[in-house]
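Working notes, beginning with the structure itself.
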Amino acid sequence: MINLIIADDHVVLREALCELLQSRGEYNVVAQATDGEELLDLLEKHSADIIIMDVTMPRLDGVEALQKLQGKSDAPPVLVLSANEGEKNIRAALKAGAKGYLPKNAGIEELEFAISSILNGQTYLSPSVTNSLMKAGNVENALDNPLSVLTKREIEILTHLADGKPNREIAKMLHISIRTVDTHRSNILRKLKVKTNAELVKIAIANGLIEV
């Protein structure tokens, strides 16, 4: 059983998410918080495997809560689930220590995949989040950015490859065949003029697609 703490100031959405996750049979919501301060207080009383948290909350927002959590050696990893897909918020959350970022309109399958990825020590960024990061700030630096030669789909697949996901899982999540993933990977390697996944990871980190 995976123990979760969910922090979101929208009560109806928070409770609906709790019910949805608990109905899957693999999750146990041990506590709920309405803001960052309450979340920090709850962590003194409850232990969890992962925190699912919004960014925009009263009193202490998600980014500030993440910054405070960084000082706790036993703090569980945080998956941000937010309606705000602005590039500044995404980067701020990742810089503050979030291990994943997912939009609130994501499906339950992607949410579960994100939780699983994070608990396996990986970082998860939804493809729509990755697109936001790529669009922001790249107009002026497009010629200097090696990722400018890739399509949106190739950027999605690069992100997942760099995050350590096998081709089979990528194919399942994006609803494409493994052969199609293999083809995209070959095209990505060719366009970026590299030969290994290790080199892809370095490029992804350098361009903000994943955090380490």
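In the structure tokens, the first chain shown is A, the next is B, and so on; residue numbers restart at 1 for each chain, and ligands run from 1 in the order shown.
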
Show me, as an mmCIF file with C-alpha atoms, in the first residue's frame, the residues that have an atom within 8 Å of segment 199-203 of chain A when counting only C-alpha atoms, minus same-chain residues fewer than 2 positions from it.
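Dumped to selection_6.cif:
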data_model
loop_
_atom_site.group_PDB
_atom_site.id
_atom_site.type_symbol
_atom_site.label_atom_id
_atom_site.label_comp_id
_atom_site.auth_asym_id
_atom_site.auth_seq_id
_atom_site.Cartn_x
_atom_site.Cartn_y
_atom_site.Cartn_z
ATOM 1 C CA LEU A 158 13.491 12.312 -25.151
ATOM 2 C CA LEU A 161 14.114 8.222 -22.252
ATOM 3 C CA ALA A 162 16.319 10.547 -20.224
ATOM 4 C CA ASP A 163 14.208 9.804 -17.177
ATOM 5 C CA LEU A 189 20.028 10.353 -31.655
ATOM 6 C CA VAL A 194 24.862 11.439 -30.158
ATOM 7 C CA LYS A 195 24.963 7.660 -29.827
ATOM 8 C CA THR A 196 23.854 6.676 -26.323
ATOM 9 C CA ASN A 197 21.071 7.260 -23.802
ATOM 10 C CA ILE A 205 19.440 17.928 -17.880
ATOM 11 C CA ALA A 206 21.341 20.788 -19.519
ATOM 12 C CA ASN A 207 18.150 22.025 -21.177
#

Please build the interface table for segment 32-58 of chain A against segment 6-12 of chain A with a cut-off of 8 Å, listing for each qualifying residue the nearest atom pair and the distance in Å to one decimal; count only C-alpha atoms, order rows by chain and increasing number, and write it as CSV.
residue,atom,partner,partner_atom,distance
A:Gln32,CA,A:Ile6,CA,5.0
A:Ala33,CA,A:Ala7,CA,4.4
A:Thr34,CA,A:Asp9,CA,4.3
A:Asp35,CA,A:Asp9,CA,6.0
A:Gly36,CA,A:Ala7,CA,7.3
A:Leu39,CA,A:Ala7,CA,6.6
A:Ile51,CA,A:Ile6,CA,5.9
A:Ile52,CA,A:Ile6,CA,4.8
A:Met53,CA,A:Ala7,CA,4.6
A:Asp54,CA,A:Asp8,CA,5.3
A:Met57,CA,A:Asp9,CA,5.8
A:Pro58,CA,A:Asp9,CA,7.4

Self-check item: Ile5 of chain A environment, 12 Å, only C-alpha atoms, sequence neighbours closer than 2 positions dropped, as an NGL selection string
Solution: :A and (2-3 or 7-8 or 14-15 or 17-18 or 21-22 or 27-36 or 38-43 or 45-54 or 75-80)

Quiz prompt | Nearest candidate to Leu192 of chain A (options A:Leu147, A:Ile170, A:Ile157, A:Gly97; using only C-alpha atoms) | solution =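 Among the listed residues, the smallest separation from Leu192 of chain A belongs to A:Leu147.
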
Considering only C-alpha atoms, give me a table of residues in segment 56-99 of chain A that are at most 12 Å from segment 116-131 of chain A, with the closest atom pair and distance in Å for each, as JSON lines.
{"residue": "A:Pro76", "atom": "CA", "partner": "A:Leu119", "partner_atom": "CA", "distance": 9.4}
{"residue": "A:Pro77", "atom": "CA", "partner": "A:Ile118", "partner_atom": "CA", "distance": 7.3}
{"residue": "A:Val78", "atom": "CA", "partner": "A:Ile118", "partner_atom": "CA", "distance": 8.4}
{"residue": "A:Leu79", "atom": "CA", "partner": "A:Ile118", "partner_atom": "CA", "distance": 7.8}
{"residue": "A:Val80", "atom": "CA", "partner": "A:Leu125", "partner_atom": "CA", "distance": 9.6}
{"residue": "A:Leu81", "atom": "CA", "partner": "A:Ser126", "partner_atom": "CA", "distance": 10.2}
{"residue": "A:Ser82", "atom": "CA", "partner": "A:Val129", "partner_atom": "CA", "distance": 10.5}
{"residue": "A:Ala83", "atom": "CA", "partner": "A:Val129", "partner_atom": "CA", "distance": 10.8}
{"residue": "A:Asn84", "atom": "CA", "partner": "A:Val129", "partner_atom": "CA", "distance": 9.8}
{"residue": "A:Glu85", "atom": "CA", "partner": "A:Val129", "partner_atom": "CA", "distance": 6.3}
{"residue": "A:Gly86", "atom": "CA", "partner": "A:Val129", "partner_atom": "CA", "distance": 8.4}
{"residue": "A:Glu87", "atom": "CA", "partner": "A:Val129", "partner_atom": "CA", "distance": 8.0}
{"residue": "A:Lys88", "atom": "CA", "partner": "A:Val129", "partner_atom": "CA", "distance": 11.2}
{"residue": "A:Asn89", "atom": "CA", "partner": "A:Val129", "partner_atom": "CA", "distance": 10.5}
{"residue": "A:Ile90", "atom": "CA", "partner": "A:Val129", "partner_atom": "CA", "distance": 7.6}
{"residue": "A:Arg91", "atom": "CA", "partner": "A:Val129", "partner_atom": "CA", "distance": 10.0}
{"residue": "A:Ala93", "atom": "CA", "partner": "A:Leu125", "partner_atom": "CA", "distance": 11.6}
{"residue": "A:Leu94", "atom": "CA", "partner": "A:Thr123", "partner_atom": "CA", "distance": 9.6}
{"residue": "A:Gly97", "atom": "CA", "partner": "A:Thr123", "partner_atom": "CA", "distance": 10.4}
{"residue": "A:Ala98", "atom": "CA", "partner": "A:Thr123", "partner_atom": "CA", "distance": 8.5}
{"residue": "A:Lys99", "atom": "CA", "partner": "A:Thr123", "partner_atom": "CA", "distance": 4.9}

Practice problem: Determine which residues of segment 4-202 of chain A DSSP labels as strand (DSSP E) from the backbone of this structure, then write them out as a PyMOL selection string. | Solution: chain A and resi 4-7+27-33+50-53+78-82+100-103+124-125

Self-check item: Nearest to Glu44 of chain A, chosen from A:Asp74, A:Glu112, A:Glu19, A:Glu64, with only C-alpha atoms counted in the distances
Solution: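 Closest to Glu44 of chain A of all the choices is A:Asp74.
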